[in-house]
>>> print(open('structure.pdb').read())   # PDB, C-alpha atoms and all ligand atoms
ATOM      1  CA  MET A 718     105.593 114.113-165.145
ATOM      2  CA  SER A 719     102.619 115.507-163.245
ATOM      3  CA  THR A 720     102.763 118.281-160.707
ATOM      4  CA  THR A 721     100.417 119.261-157.882
ATOM      5  CA  VAL A 722      98.687 122.630-158.114
ATOM      6  CA  HIS A 723      96.641 124.230-155.345
ATOM      7  CA  LEU A 724      93.480 125.888-156.552
ATOM      8  CA  LYS A 725      90.642 127.726-154.877
ATOM      9  CA  VAL A 726      87.457 127.209-156.833
ATOM     10  CA  ASN A 727      84.041 128.493-155.764
ATOM     11  CA  GLY A 728      85.412 129.014-152.251
ATOM     12  CA  GLN A 729      86.810 125.488-151.896
ATOM     13  CA  ALA A 730      90.473 124.492-151.850
ATOM     14  CA  HIS A 731      91.619 121.703-154.181
ATOM     15  CA  ASP A 732      94.956 120.011-154.824
ATOM     16  CA  VAL A 733      95.062 118.726-158.376
ATOM     17  CA  SER A 734      97.665 116.527-159.973
ATOM     18  CA  VAL A 735      98.146 117.572-163.599
ATOM     19  CA  GLU A 736     100.644 117.741-166.428
ATOM     20  CA  PRO A 737     102.468 121.105-166.277
ATOM     21  CA  GLY A 738     100.913 123.636-168.621
ATOM     22  CA  THR A 739      97.479 122.021-168.682
ATOM     23  CA  MET A 740      94.869 124.670-169.380
ATOM     24  CA  LEU A 741      92.567 125.511-166.493
ATOM     25  CA  LEU A 742      89.431 124.615-168.489
ATOM     26  CA  TYR A 743      90.438 120.940-168.655
ATOM     27  CA  VAL A 744      91.265 120.831-164.949
ATOM     28  CA  LEU A 745      87.904 122.348-164.022
ATOM     29  CA  ARG A 746      85.978 119.953-166.243
ATOM     30  CA  ASP A 747      88.043 116.759-166.023
ATOM     31  CA  ASN A 748      89.586 116.885-162.542
ATOM     32  CA  LEU A 749      86.923 118.809-160.625
ATOM     33  CA  GLY A 750      83.799 117.818-162.566
ATOM     34  CA  LEU A 751      82.701 121.411-163.106
ATOM     35  CA  HIS A 752      80.981 121.361-166.488
ATOM     36  CA  GLY A 753      79.653 124.948-166.484
ATOM     37  CA  PRO A 754      82.650 126.202-168.484
ATOM     38  CA  LYS A 755      82.512 124.754-172.009
ATOM     39  CA  PHE A 756      85.106 123.955-174.648
ATOM     40  CA  GLY A 757      84.244 125.892-177.788
ATOM     41  CA  CYS A 758      87.380 126.836-179.685
ATOM     42  CA  GLY A 759      90.322 126.412-177.316
ATOM     43  CA  LEU A 760      91.796 129.542-178.894
ATOM     44  CA  SER A 761      90.338 132.389-176.792
ATOM     45  CA  GLU A 762      87.968 133.267-179.614
ATOM     46  CA  CYS A 763      84.450 132.216-178.521
ATOM     47  CA  GLY A 764      84.063 132.834-174.775
ATOM     48  CA  ALA A 765      82.363 129.500-173.988
ATOM     49  CA  CYS A 766      84.995 128.670-171.374
ATOM     50  CA  THR A 767      84.719 131.931-169.402
ATOM     51  CA  ILE A 768      85.295 131.828-165.650
ATOM     52  CA  HIS A 769      86.154 134.556-163.154
ATOM     53  CA  LEU A 770      89.706 134.934-161.943
ATOM     54  CA  ASP A 771      89.635 137.315-158.992
ATOM     55  CA  GLY A 772      86.338 138.624-160.357
ATOM     56  CA  GLN A 773      87.632 139.231-163.911
ATOM     57  CA  ALA A 774      86.034 137.393-166.802
ATOM     58  CA  THR A 775      88.795 135.135-168.135
ATOM     59  CA  HIS A 776      89.041 132.536-170.910
ATOM     60  CA  SER A 777      90.050 129.370-169.072
ATOM     61  CA  CYS A 778      90.937 127.522-172.309
ATOM     62  CA  VAL A 779      94.167 129.495-172.656
ATOM     63  CA  LEU A 780      95.093 129.906-168.983
ATOM     64  CA  PRO A 781      97.743 127.437-167.793
ATOM     65  CA  VAL A 782      96.570 125.999-164.497
ATOM     66  CA  GLU A 783      99.720 127.162-162.691
ATOM     67  CA  ALA A 784      98.754 130.773-163.479
ATOM     68  CA  ALA A 785      95.456 130.297-161.653
ATOM     69  CA  ALA A 786      97.060 129.098-158.397
ATOM     70  CA  GLY A 787      96.679 131.629-155.595
ATOM     71  CA  HIS A 788      93.707 133.315-157.248
ATOM     72  CA  GLU A 789      89.982 133.131-156.547
ATOM     73  CA  ILE A 790      88.413 131.077-159.321
ATOM     74  CA  THR A 791      84.659 131.192-159.793
ATOM     75  CA  THR A 792      82.738 129.059-162.241
ATOM     76  CA  LEU A 793      79.080 129.120-163.207
ATOM     77  CA  GLU A 794      78.471 126.581-160.444
ATOM     78  CA  GLY A 795      79.674 129.198-157.947
ATOM     79  CA  LEU A 796      76.976 131.701-158.890
ATOM     80  CA  GLY A 797      73.753 129.908-158.123
ATOM     81  CA  THR A 798      71.920 126.602-158.053
ATOM     82  CA  ILE A 799      68.821 125.305-159.817
ATOM     83  CA  ASP A 800      66.811 125.961-156.654
ATOM     84  CA  HIS A 801      68.485 129.299-155.933
ATOM     85  CA  PRO A 802      69.685 130.813-159.205
ATOM     86  CA  ASP A 803      71.711 133.986-159.240
ATOM     87  CA  PRO A 804      69.460 136.946-160.231
ATOM     88  CA  LEU A 805      71.334 137.133-163.533
ATOM     89  CA  GLN A 806      70.636 133.451-164.203
ATOM     90  CA  LYS A 807      66.968 134.070-163.343
ATOM     91  CA  ALA A 808      66.856 136.957-165.809
ATOM     92  CA  PHE A 809      68.187 134.639-168.556
ATOM     93  CA  ILE A 810      65.391 132.167-167.708
ATOM     94  CA  ASP A 811      62.710 134.863-167.541
ATOM     95  CA  GLU A 812      63.837 136.309-170.866
ATOM     96  CA  GLN A 813      64.096 132.785-172.393
ATOM     97  CA  ALA A 814      67.529 133.771-173.616
ATOM     98  CA  VAL A 815      68.788 130.214-174.056
ATOM     99  CA  GLN A 816      68.494 128.223-177.249
ATOM    100  CA  CYS A 817      71.031 125.342-177.312
ATOM    101  CA  GLY A 818      72.733 126.783-174.239
ATOM    102  CA  TYR A 819      76.324 126.167-175.281
ATOM    103  CA  CYS A 820      77.385 129.806-175.140
ATOM    104  CA  ILE A 821      75.379 130.699-172.057
ATOM    105  CA  ASN A 822      78.082 129.939-169.486
ATOM    106  CA  GLY A 823      80.287 132.536-171.132
ATOM    107  CA  MET A 824      77.477 135.032-171.582
ATOM    108  CA  ILE A 825      76.481 134.849-167.920
ATOM    109  CA  MET A 826      80.032 134.903-166.528
ATOM    110  CA  THR A 827      80.976 137.847-168.748
ATOM    111  CA  ALA A 828      77.780 139.735-167.912
ATOM    112  CA  LYS A 829      78.234 139.075-164.201
ATOM    113  CA  ALA A 830      81.702 140.634-164.298
ATOM    114  CA  LEU A 831      80.307 143.586-166.259
ATOM    115  CA  LEU A 832      77.483 144.258-163.782
ATOM    116  CA  LYS A 833      79.954 144.256-160.892
ATOM    117  CA  THR A 834      81.915 147.138-162.366
ATOM    118  CA  ASN A 835      79.054 148.775-164.271
ATOM    119  CA  PRO A 836      75.703 148.110-162.564
ATOM    120  CA  HIS A 837      73.735 150.210-165.073
ATOM    121  CA  PRO A 838      75.263 149.440-168.465
ATOM    122  CA  THR A 839      73.868 150.894-171.662
ATOM    123  CA  ARG A 840      72.963 148.547-174.484
ATOM    124  CA  ASP A 841      76.240 149.520-176.161
ATOM    125  CA  ASP A 842      78.177 148.731-172.953
ATOM    126  CA  ILE A 843      76.599 145.264-172.909
ATOM    127  CA  LYS A 844      77.339 144.632-176.581
ATOM    128  CA  GLN A 845      80.928 145.746-176.106
ATOM    129  CA  ALA A 846      81.383 143.530-173.022
ATOM    130  CA  LEU A 847      80.009 140.526-174.932
ATOM    131  CA  ASP A 848      82.176 141.212-177.954
ATOM    132  CA  GLY A 849      84.306 138.132-177.267
ATOM    133  CA  ASN A 850      81.335 135.806-176.702
ATOM    134  CA  LEU A 851      79.884 134.065-179.741
ATOM    135  CA  CYS A 852      76.408 132.525-179.963
ATOM    136  CA  ARG A 853      75.908 130.184-182.895
ATOM    137  CA  CYS A 854      72.131 130.145-182.295
ATOM    138  CA  GLY A 855      71.766 133.874-182.821
ATOM    139  CA  THR A 856      69.930 134.574-179.581
ATOM    140  CA  HIS A 857      72.039 137.678-178.940
ATOM    141  CA  MET A 858      69.135 140.084-178.562
ATOM    142  CA  ARG A 859      67.440 137.974-175.889
ATOM    143  CA  ILE A 860      70.772 137.699-174.087
ATOM    144  CA  VAL A 861      71.155 141.477-174.136
ATOM    145  CA  ARG A 862      67.578 141.894-172.860
ATOM    146  CA  ALA A 863      68.239 139.422-170.034
ATOM    147  CA  ILE A 864      71.260 141.434-168.922
ATOM    148  CA  GLU A 865      69.245 144.652-169.099
ATOM    149  CA  ARG A 866      66.512 142.983-167.025
ATOM    150  CA  ALA A 867      69.049 141.873-164.403
ATOM    151  CA  ALA A 868      70.585 145.349-164.285
ATOM    152  CA  LYS A 869      67.145 146.904-163.779
ATOM    153  CA  ALA A 870      66.529 144.491-160.921
ATOM    154  CA  GLY A 871      69.851 145.511-159.363
ATOM    155  CA  ALA A 872      71.541 142.132-159.836
ATOM    156  CA  THR A 873      75.107 143.280-159.195
ATOM    157  CA  ALA A 874      76.188 141.227-156.170
TER     158      ALA A 874
HETATM  159  S1  LIG B   1      86.834 127.747-175.600
HETATM  160 FE1  LIG B   1      87.820 129.376-174.624
HETATM  161  S2  LIG B   1      87.398 131.108-175.822
HETATM  162 FE2  LIG B   1      86.544 129.434-176.955
HETATM  163  S1  LIG B   2      72.238 129.582-177.315
HETATM  164 FE1  LIG B   2      73.220 128.161-178.677
HETATM  165  S2  LIG B   2      75.218 128.971-178.916
HETATM  166 FE2  LIG B   2      74.138 130.512-177.850
END
>>> encode(input="structure.pdb", output="structure tokens")
Amino acid sequence: MSTTVHLKVNGQAHDVSVEPGTMLLYVLRDNLGLHGPKFGCGLSECGACTIHLDGQATHSCVLPVEAAAGHEITTLEGLGTIDHPDPLQKAFIDEQAVQCGYCINGMIMTAKALLKTNPHPTRDDIKQALDGNLCRCGTHMRIVRAIERAAKAGATA
């Protein structure tokens, strides 16, 4: 039997009717049409599904939707648009950090949370923060350089 959950996503309130225990990732993608967060492993092992929950990078594939109620949820769509990308998104473009793109949602959402708490991370800080984010294309070094570029430009907001 479905239940109604109240969510606040990218500043907008939503009532969603879902099966109890449904993971937030599926609700974002299937109920709300937000396809920034990706399904990679479903086991909290790859980072593709990362969103922010009250500003903290969180794996939405293992977060029951009920646990997200009452919290501020931000997805990639809440950061910037094609016409007005977030400075971190622009740094990824400028650094040509994307190959297939599948991991990039998680990389950007994780890096955004890092830069909020640590605006001038060292390369080791960045590598440690991205420890839970896998890239099957092997574009890690360009991703790290993009984050360094954004940090240099002061992209913390
Ligand atoms: S899909 Fe969530 S961590 Fe892999
Ligand atoms: S760019 Fe393809 S998985 Fe990272």
>>> closest_residue(input="structure.pdb", among="A:Thr791, A:Ser761, A:Thr856, A:Gln845", to="ligand LIG 1 (chain B)", atoms="all atoms listed in the file")
A:Ser761
>>> residues_around(input="structure.pdb", residues="segment 796-808 of chain A", least_positions_apart="6", cutoff="10 Å", atoms="only C-alpha atoms", output="PyMOL selection string")
chain A and resi 727+814+821-822+825-826+828-829+832+860+862-868+870-874
>>> residues_near_ligand(input="structure.pdb", ligand="ligand LIG 1 (chain B)", cutoff="8 Å", atoms="all atoms listed in the file", output="list in words")
Leu742, Lys755, Phe756, Gly757, Cys758, Gly759, Leu760, Ser761, Glu762, Cys763, Gly764, Ala765, Cys766, Thr767, His776, Ser777, Cys778, Val779, Gly849 and Asn850 of chain A
>>> residues_near_ligand(input="structure.pdb", ligand="ligand LIG 2 (chain B)", cutoff="7 Å", atoms="only C-alpha atoms and all ligand atoms", output="ChimeraX atom specification")
/A:815-821,851-856
>>> atom_distance(input="structure.pdb", atom1="atom CA of Val735 of chain A", atom2="atom CA of His769 of chain A")
20.8 Å
